[in-house]
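File shown here: start_25.txt, holding compact mmCIF, C-alpha atoms.
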# COMPACT_ATOMS: atom_id res chain seq x y z
CA MET O 1 23.33 1.18 31.66
CA GLY O 2 21.63 3.05 28.81
CA ILE O 3 18.21 4.56 29.03
CA ASN O 4 15.78 3.19 26.48
CA MET O 5 14.21 6.15 24.70
CA ALA O 6 10.78 5.52 23.24
CA GLU O 7 10.33 6.53 19.62
CA LEU O 8 7.52 8.97 18.92
CA ALA O 9 5.67 8.77 15.63
CA ASN O 10 2.57 10.11 13.93
CA CYS O 11 -0.25 7.63 13.41
CA VAL O 12 -0.60 6.94 9.69
CA ARG O 13 -4.40 6.91 10.05
CA CYS O 14 -5.20 9.91 12.29
CA ASN O 15 -1.81 11.71 12.53
CA THR O 16 -1.88 11.66 16.35
CA VAL O 17 1.55 11.52 18.02
CA PHE O 18 2.06 8.25 19.88
CA VAL O 19 4.83 6.05 21.28
CA LYS O 20 5.69 3.72 18.43
CA GLY O 21 5.80 0.01 19.14
CA LEU O 22 5.14 -2.81 16.72
CA ARG O 23 2.46 -0.90 14.82
CA ASP O 24 2.44 2.29 12.77
CA ILE O 25 -0.94 3.31 14.18
CA CYS O 26 -1.95 4.63 17.59
CA GLN O 27 -3.79 2.50 20.14
CA ASN O 28 -7.12 4.20 19.40
CA CYS O 29 -6.88 3.47 15.64
CA TYR O 30 -5.69 -0.07 16.40
CA ARG O 31 -8.81 -0.62 18.52
CA LYS O 32 -10.98 0.70 15.67
CA GLU O 33 -9.23 -1.63 13.19
CA GLU O 34 -9.78 -4.60 15.49
CA GLU O 35 -13.48 -3.73 15.79
CA ALA O 36 -13.67 -3.51 11.97
CA PHE O 37 -11.94 -6.88 11.68
CA GLN O 38 -14.40 -8.47 14.10
CA THR O 39 -17.30 -6.98 12.13
CA VAL O 40 -15.98 -8.43 8.85
CA TYR O 41 -15.08 -11.76 10.43
CA ARG O 42 -18.53 -12.15 12.07
CA PHE O 43 -20.14 -11.39 8.70
CA LEU O 44 -18.00 -13.94 6.85
CA ARG O 45 -18.46 -16.65 9.48
CA GLU O 46 -22.16 -16.87 8.64
CA ARG O 47 -22.55 -19.73 6.16
CA LYS O 48 -24.62 -17.63 3.72
CA ASN O 49 -21.84 -15.00 3.51
CA ARG O 50 -18.79 -17.24 3.11
CA GLU O 51 -18.71 -16.66 -0.65
CA ALA O 52 -19.19 -12.89 -0.43
CA THR O 53 -17.04 -10.71 -2.69
CA LEU O 54 -15.04 -7.74 -1.47
CA ILE O 55 -17.74 -5.33 -2.67
CA GLU O 56 -20.48 -7.33 -0.94
CA ILE O 57 -18.50 -7.32 2.33
CA ILE O 58 -17.97 -3.55 2.13
CA GLU O 59 -21.66 -2.95 1.45
CA ALA O 60 -22.82 -5.29 4.23
CA THR O 61 -20.37 -4.22 6.94
CA GLY O 62 -19.50 -0.60 6.11
CA VAL O 63 -15.81 -1.41 6.64
CA GLU O 64 -13.40 0.44 4.33
CA GLU O 65 -12.04 -1.49 1.34
CA SER O 66 -8.44 -0.62 2.28
CA LEU O 67 -8.90 -2.19 5.73
CA ILE O 68 -10.37 -5.40 4.34
CA ILE O 69 -7.49 -5.63 1.85
CA LYS O 70 -5.07 -5.06 4.74
CA PHE O 71 -6.67 -7.96 6.64
CA ILE O 72 -6.26 -10.21 3.58
CA LYS O 73 -2.63 -9.16 3.02
CA GLU O 74 -1.87 -9.76 6.71
CA LYS O 75 -3.41 -13.23 6.22
CA ARG O 76 -6.03 -12.58 8.87
CA LEU O 77 -8.71 -13.37 6.27
CA LEU O 78 -7.76 -16.30 4.08
CA PRO O 79 -9.08 -16.75 0.54
CA SER O 80 -8.84 -20.51 1.16
CA ASP O 81 -11.60 -20.07 3.78
CA PHE O 82 -13.56 -17.47 1.77
CA PRO O 83 -13.20 -18.37 -1.94
CA LYS O 84 -14.48 -15.12 -3.47
CA LEU O 85 -12.36 -12.90 -1.27
CA ALA O 86 -10.08 -11.05 -3.67
CA TYR O 87 -8.71 -7.54 -4.18
CA PRO O 88 -7.38 -5.63 -7.20
CA CYS O 89 -3.88 -6.07 -8.66
CA GLU O 90 -1.95 -2.84 -8.07
CA LYS O 91 -1.06 -2.57 -11.77
CA CYS O 92 -4.03 -3.75 -13.86
CA GLY O 93 -6.89 -4.09 -11.37
CA ASN O 94 -7.57 -7.80 -11.99
CA GLU O 95 -8.68 -9.62 -8.86
CA ILE O 96 -5.98 -11.43 -6.86
CA THR O 97 -5.90 -13.26 -3.54
CA SER O 98 -2.29 -12.67 -2.51
CA GLY O 99 0.62 -10.34 -3.14
CA LYS O 100 0.44 -7.02 -4.97
CA LEU O 101 0.44 -8.10 -8.63
CA CYS O 102 -1.49 -10.70 -10.62
CA ILE O 103 0.38 -13.51 -12.42
CA SER O 104 0.19 -11.69 -15.76
CA CYS O 105 1.66 -8.44 -14.38
CA THR O 106 4.32 -10.40 -12.46
CA GLU O 107 5.38 -12.16 -15.69
CA GLU O 108 5.41 -8.85 -17.57
CA LEU O 109 7.60 -7.33 -14.84
CA LYS O 110 9.98 -10.33 -14.97
CA ASN O 111 10.22 -10.03 -18.78
CA ASP O 112 10.89 -6.30 -18.55
CA LEU O 113 13.60 -6.93 -15.95
CA THR O 114 15.21 -9.64 -18.11
CA ALA O 115 15.19 -7.33 -21.13
CA TYR O 116 16.68 -4.52 -19.05
CA GLU O 117 19.43 -6.80 -17.71
CA LYS O 118 20.29 -7.95 -21.26
CA THR O 119 20.48 -4.34 -22.44
CA GLU O 120 22.69 -3.42 -19.50
CA LYS O 121 25.00 -6.36 -20.23
CA VAL O 122 25.33 -5.36 -23.91
CA MET O 123 26.00 -1.73 -22.92
CA GLU O 124 28.63 -2.81 -20.37
CA GLU O 125 30.38 -5.00 -22.96
CA ALA O 126 30.32 -2.11 -25.44
CA ARG O 127 31.85 0.22 -22.81
CA LYS O 128 34.58 -2.31 -22.05
CA LYS O 129 35.39 -2.75 -25.76
CA SER O 130 35.53 0.95 -26.45
CA SER O 131 37.75 1.65 -23.44
CA SER O 132 40.19 -1.17 -24.33
CA ASN O 133 40.54 0.00 -27.97
CA ILE O 134 41.68 3.47 -27.07
CA ASP O 135 45.26 3.98 -28.21
CA THR O 136 47.32 6.28 -26.11
CA TYR O 137 49.72 8.61 -27.92
CA TYR O 138 52.48 10.46 -26.16
CA ALA O 139 53.77 13.66 -27.64
CA ILE O 140 57.45 14.33 -27.32
CA ASP O 141 58.61 17.85 -27.50
CA LYS O 142 61.60 17.62 -29.87
CA HIS O 143 62.32 21.29 -29.63
CA LYS O 144 63.05 21.29 -25.93
CA LYS O 145 66.31 22.96 -25.05

Represent the structure contained in this file as structure tokens.
Amino acid sequence: MGINMAELANCVRCNTVFVKGLRDICQNCYRKEEEAFQTVYRFLRERKNREATLIEIIEATGVEESLIIKFIKEKRLLPSDFPKLAYPCEKCGNEITSGKLCISCTEELKNDLTAYEKTEKVMEEARKKSSSNIDTYYAIDKHKK
């Protein structure tokens, strides 16, 4: 029977060493995040606040923007329930409600990838052609004794 060794890690929020489980943060930071979530959720549950924007939520609750975005990305706060709940695209800054990139940036990335793949294919074909057209010449030493 093997002994199960616990993995130690540094909390990504406070850098404290802790026994790593399912989360990358220590229990103390997890508790603080849960309190922040409850603060945001209580605020949004009030009918008058259901259409609050990210900035309005930050100002009203004092909860960090990065935490609120984390709650949205983890699908703990759903834009379908709170229609103005959006966060910035990681490339252009336009507001989005899911993922990391807006539709426009996603399309641009797809187009860039397609263009890159086409270029790679042309380059590979050119390499194949140039390597198959190489003639090999053998020199014979006629003056060998």

Practice task
Counting only C-alpha atoms, figure out which residue out of O:Ile55, O:Ala36, O:Ala60, O:Cys11 gets nearest to Tyr87 of chain O.
Solution key: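 For Tyr87 of chain O, the nearest of the given residues is O:Ile55.
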
Problem - Long-range neighbours of segment 90-94 of chain O as a list in words, 10 Å cut-off, only C-alpha atoms, 5 positions minimum in chain - result: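 Everything that qualifies: Gly99, Lys100, Leu101, Cys102, Ile103, Ser104, Cys105 and Thr106 of chain O.
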
Handout entry: From O:Thr61, O:Asn111, O:Gln27, O:Asn49, residue lying nearest Leu85 of chain O [only C-alpha atoms]
Key =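 Looking at the shortest contact to Leu85 of chain O, the residue is O:Asn49.
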
Handout entry: Separation of atom CA of Leu44 of chain O from atom CA of Leu77 of chain O in Å
Key = 9.3 Å

Practice task
For atom CA of Ile68 of chain O and atom CA of Gly21 of chain O, determine how far apart the two atoms are, in Å to one decimal place.
Solution key: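 Atom CA of Gly21 of chain O lies at a distance of 22.6 Å from atom CA of Ile68 of chain O.
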
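Using all atoms listed in the file for every distance, the candidate list O:Ile96, O:Asn28, O:Glu59, O:Glu34 yields O:Asn28 as the residue closest to Thr16 of chain O.
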
Exercise for the section: Rounded to one decimal place, report the atom CA of Gly62 of chain O-atom CA of Phe18 of chain O distance in Å. Expected result: 27.1 Å

Exercise for the section: Write out as a list of chain:residue names each polymer residue whose atoms come within 9 Å of Arg13 of chain O, counting only C-alpha atoms; drop sequence neighbours fewer than 3 positions from it. Expected result: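 Here the qualifying residues turn out to be O:Asn10, O:Thr16, O:Asp24, O:Ile25, O:Cys26, O:Cys29.
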
Output of the above residues as a short mmCIF file (atom, residue, chain, number, x, y, z; two decimals), keeping the file's coordinate frame, restricted to C-alpha atoms:
data_model
loop_
_atom_site.label_atom_id
_atom_site.label_comp_id
_atom_site.auth_asym_id
_atom_site.auth_seq_id
_atom_site.Cartn_x
_atom_site.Cartn_y
_atom_site.Cartn_z
CA ASN O 10 2.57 10.11 13.93
CA THR O 16 -1.88 11.66 16.35
CA ASP O 24 2.44 2.29 12.77
CA ILE O 25 -0.94 3.31 14.18
CA CYS O 26 -1.95 4.63 17.59
CA CYS O 29 -6.88 3.47 15.64
#

Practice task
Could you check which of O:Ala115, O:Leu109, O:Phe37, O:Cys89 is closest to Glu74 of chain O, using all atoms listed in the file?
Solution key: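 Distance minimum relative to Glu74 of chain O lands on O:Phe37.
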
Handout entry: Residue among O:Asp112, O:Thr119, O:Ile140, O:Phe82 lying closest to Lys48 of chain O, counting all atoms listed in the file
Key = O:Phe82

Kindly reconstruct segment 46-57 of chain O with all heavy atoms and present the result as a PDB file, keeping the file's coordinate frame.
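Result written to selection_38.pdb:
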ATOM      1  N   GLU O  46     -20.816 -16.370   8.933  1.00  0.00           N
ATOM      2  CA  GLU O  46     -22.160 -16.870   8.640  1.00  0.00           C
ATOM      3  C   GLU O  46     -22.112 -17.636   7.320  1.00  0.00           C
ATOM      4  O   GLU O  46     -21.589 -17.131   6.331  1.00  0.00           O
ATOM      5  CB  GLU O  46     -23.148 -15.708   8.541  1.00  0.00           C
ATOM      6  CG  GLU O  46     -23.412 -15.031   9.861  1.00  0.00           C
ATOM      7  CD  GLU O  46     -24.413 -13.887   9.719  1.00  0.00           C
ATOM      8  OE1 GLU O  46     -25.355 -14.009   8.893  1.00  0.00           O
ATOM      9  OE2 GLU O  46     -24.241 -12.886  10.421  1.00  0.00           O
ATOM     10  N   ARG O  47     -22.629 -18.843   7.333  1.00  0.00           N
ATOM     11  CA  ARG O  47     -22.550 -19.730   6.160  1.00  0.00           C
ATOM     12  C   ARG O  47     -23.008 -19.040   4.868  1.00  0.00           C
ATOM     13  O   ARG O  47     -22.366 -19.151   3.835  1.00  0.00           O
ATOM     14  CB  ARG O  47     -23.365 -20.998   6.401  1.00  0.00           C
ATOM     15  CG  ARG O  47     -23.295 -21.988   5.263  1.00  0.00           C
ATOM     16  CD  ARG O  47     -24.050 -23.271   5.552  1.00  0.00           C
ATOM     17  NE  ARG O  47     -23.507 -24.001   6.673  1.00  0.00           N
ATOM     18  CZ  ARG O  47     -22.451 -24.812   6.611  1.00  0.00           C
ATOM     19  NH1 ARG O  47     -21.822 -24.976   5.481  1.00  0.00           N
ATOM     20  NH2 ARG O  47     -22.028 -25.444   7.683  1.00  0.00           N
ATOM     21  N   LYS O  48     -24.080 -18.271   4.927  1.00  0.00           N
ATOM     22  CA  LYS O  48     -24.620 -17.630   3.720  1.00  0.00           C
ATOM     23  C   LYS O  48     -23.684 -16.558   3.155  1.00  0.00           C
ATOM     24  O   LYS O  48     -23.798 -16.195   1.991  1.00  0.00           O
ATOM     25  CB  LYS O  48     -25.993 -17.025   4.010  1.00  0.00           C
ATOM     26  CG  LYS O  48     -25.952 -15.874   5.000  1.00  0.00           C
ATOM     27  CD  LYS O  48     -27.322 -15.307   5.256  1.00  0.00           C
ATOM     28  CE  LYS O  48     -27.172 -14.136   6.230  1.00  0.00           C
ATOM     29  NZ  LYS O  48     -28.386 -13.460   6.493  1.00  0.00           N
ATOM     30  N   ASN O  49     -22.735 -16.082   3.955  1.00  0.00           N
ATOM     31  CA  ASN O  49     -21.840 -15.000   3.510  1.00  0.00           C
ATOM     32  C   ASN O  49     -20.430 -15.469   3.158  1.00  0.00           C
ATOM     33  O   ASN O  49     -19.601 -14.666   2.766  1.00  0.00           O
ATOM     34  CB  ASN O  49     -21.731 -13.932   4.608  1.00  0.00           C
ATOM     35  CG  ASN O  49     -23.064 -13.312   4.930  1.00  0.00           C
ATOM     36  OD1 ASN O  49     -23.937 -13.204   4.083  1.00  0.00           O
ATOM     37  ND2 ASN O  49     -23.233 -12.911   6.182  1.00  0.00           N
ATOM     38  N   ARG O  50     -20.156 -16.743   3.297  1.00  0.00           N
ATOM     39  CA  ARG O  50     -18.790 -17.240   3.110  1.00  0.00           C
ATOM     40  C   ARG O  50     -18.250 -17.022   1.697  1.00  0.00           C
ATOM     41  O   ARG O  50     -17.048 -16.988   1.504  1.00  0.00           O
ATOM     42  CB  ARG O  50     -18.690 -18.719   3.487  1.00  0.00           C
ATOM     43  CG  ARG O  50     -18.780 -18.875   4.983  1.00  0.00           C
ATOM     44  CD  ARG O  50     -18.321 -20.221   5.454  1.00  0.00           C
ATOM     45  NE  ARG O  50     -18.495 -20.272   6.900  1.00  0.00           N
ATOM     46  CZ  ARG O  50     -18.885 -21.333   7.548  1.00  0.00           C
ATOM     47  NH1 ARG O  50     -19.117 -22.448   6.898  1.00  0.00           N
ATOM     48  NH2 ARG O  50     -19.017 -21.290   8.843  1.00  0.00           N
ATOM     49  N   GLU O  51     -19.154 -16.878   0.724  1.00  0.00           N
ATOM     50  CA  GLU O  51     -18.710 -16.660  -0.650  1.00  0.00           C
ATOM     51  C   GLU O  51     -18.937 -15.216  -1.085  1.00  0.00           C
ATOM     52  O   GLU O  51     -19.019 -14.916  -2.273  1.00  0.00           O
ATOM     53  CB  GLU O  51     -19.379 -17.646  -1.591  1.00  0.00           C
ATOM     54  CG  GLU O  51     -18.897 -19.065  -1.331  1.00  0.00           C
ATOM     55  CD  GLU O  51     -19.165 -20.006  -2.483  1.00  0.00           C
ATOM     56  OE1 GLU O  51     -19.456 -19.549  -3.594  1.00  0.00           O
ATOM     57  OE2 GLU O  51     -19.055 -21.216  -2.253  1.00  0.00           O
ATOM     58  N   ALA O  52     -18.996 -14.312  -0.119  1.00  0.00           N
ATOM     59  CA  ALA O  52     -19.190 -12.890  -0.430  1.00  0.00           C
ATOM     60  C   ALA O  52     -17.942 -12.327  -1.110  1.00  0.00           C
ATOM     61  O   ALA O  52     -16.818 -12.731  -0.814  1.00  0.00           O
ATOM     62  CB  ALA O  52     -19.486 -12.116   0.845  1.00  0.00           C
ATOM     63  N   THR O  53     -18.161 -11.400  -2.031  1.00  0.00           N
ATOM     64  CA  THR O  53     -17.040 -10.710  -2.690  1.00  0.00           C
ATOM     65  C   THR O  53     -16.642  -9.519  -1.840  1.00  0.00           C
ATOM     66  O   THR O  53     -17.354  -9.138  -0.896  1.00  0.00           O
ATOM     67  CB  THR O  53     -17.464 -10.208  -4.081  1.00  0.00           C
ATOM     68  OG1 THR O  53     -18.498  -9.229  -3.919  1.00  0.00           O
ATOM     69  CG2 THR O  53     -17.933 -11.341  -4.978  1.00  0.00           C
ATOM     70  N   LEU O  54     -15.531  -8.912  -2.190  1.00  0.00           N
ATOM     71  CA  LEU O  54     -15.040  -7.740  -1.470  1.00  0.00           C
ATOM     72  C   LEU O  54     -16.109  -6.639  -1.443  1.00  0.00           C
ATOM     73  O   LEU O  54     -16.389  -6.073  -0.384  1.00  0.00           O
ATOM     74  CB  LEU O  54     -13.750  -7.233  -2.119  1.00  0.00           C
ATOM     75  CG  LEU O  54     -13.060  -6.054  -1.455  1.00  0.00           C
ATOM     76  CD1 LEU O  54     -12.643  -6.388  -0.038  1.00  0.00           C
ATOM     77  CD2 LEU O  54     -11.849  -5.623  -2.259  1.00  0.00           C
ATOM     78  N   ILE O  55     -16.713  -6.374  -2.578  1.00  0.00           N
ATOM     79  CA  ILE O  55     -17.740  -5.330  -2.670  1.00  0.00           C
ATOM     80  C   ILE O  55     -18.934  -5.658  -1.774  1.00  0.00           C
ATOM     81  O   ILE O  55     -19.458  -4.783  -1.070  1.00  0.00           O
ATOM     82  CB  ILE O  55     -18.212  -5.136  -4.138  1.00  0.00           C
ATOM     83  CG1 ILE O  55     -17.041  -4.769  -5.046  1.00  0.00           C
ATOM     84  CG2 ILE O  55     -19.326  -4.108  -4.241  1.00  0.00           C
ATOM     85  CD1 ILE O  55     -16.282  -3.513  -4.668  1.00  0.00           C
ATOM     86  N   GLU O  56     -19.352  -6.916  -1.776  1.00  0.00           N
ATOM     87  CA  GLU O  56     -20.480  -7.330  -0.940  1.00  0.00           C
ATOM     88  C   GLU O  56     -20.151  -7.177   0.550  1.00  0.00           C
ATOM     89  O   GLU O  56     -21.000  -6.773   1.340  1.00  0.00           O
ATOM     90  CB  GLU O  56     -20.867  -8.777  -1.247  1.00  0.00           C
ATOM     91  CG  GLU O  56     -21.476  -8.956  -2.630  1.00  0.00           C
ATOM     92  CD  GLU O  56     -21.610 -10.408  -3.069  1.00  0.00           C
ATOM     93  OE1 GLU O  56     -20.913 -11.289  -2.507  1.00  0.00           O
ATOM     94  OE2 GLU O  56     -22.411 -10.659  -3.985  1.00  0.00           O
ATOM     95  N   ILE O  57     -18.913  -7.467   0.924  1.00  0.00           N
ATOM     96  CA  ILE O  57     -18.500  -7.320   2.330  1.00  0.00           C
ATOM     97  C   ILE O  57     -18.512  -5.849   2.725  1.00  0.00           C
ATOM     98  O   ILE O  57     -18.999  -5.487   3.799  1.00  0.00           O
ATOM     99  CB  ILE O  57     -17.093  -7.926   2.553  1.00  0.00           C
ATOM    100  CG1 ILE O  57     -17.116  -9.432   2.276  1.00  0.00           C
ATOM    101  CG2 ILE O  57     -16.608  -7.655   3.973  1.00  0.00           C
ATOM    102  CD1 ILE O  57     -15.742 -10.061   2.164  1.00  0.00           C
TER     103      ILE O  57
END
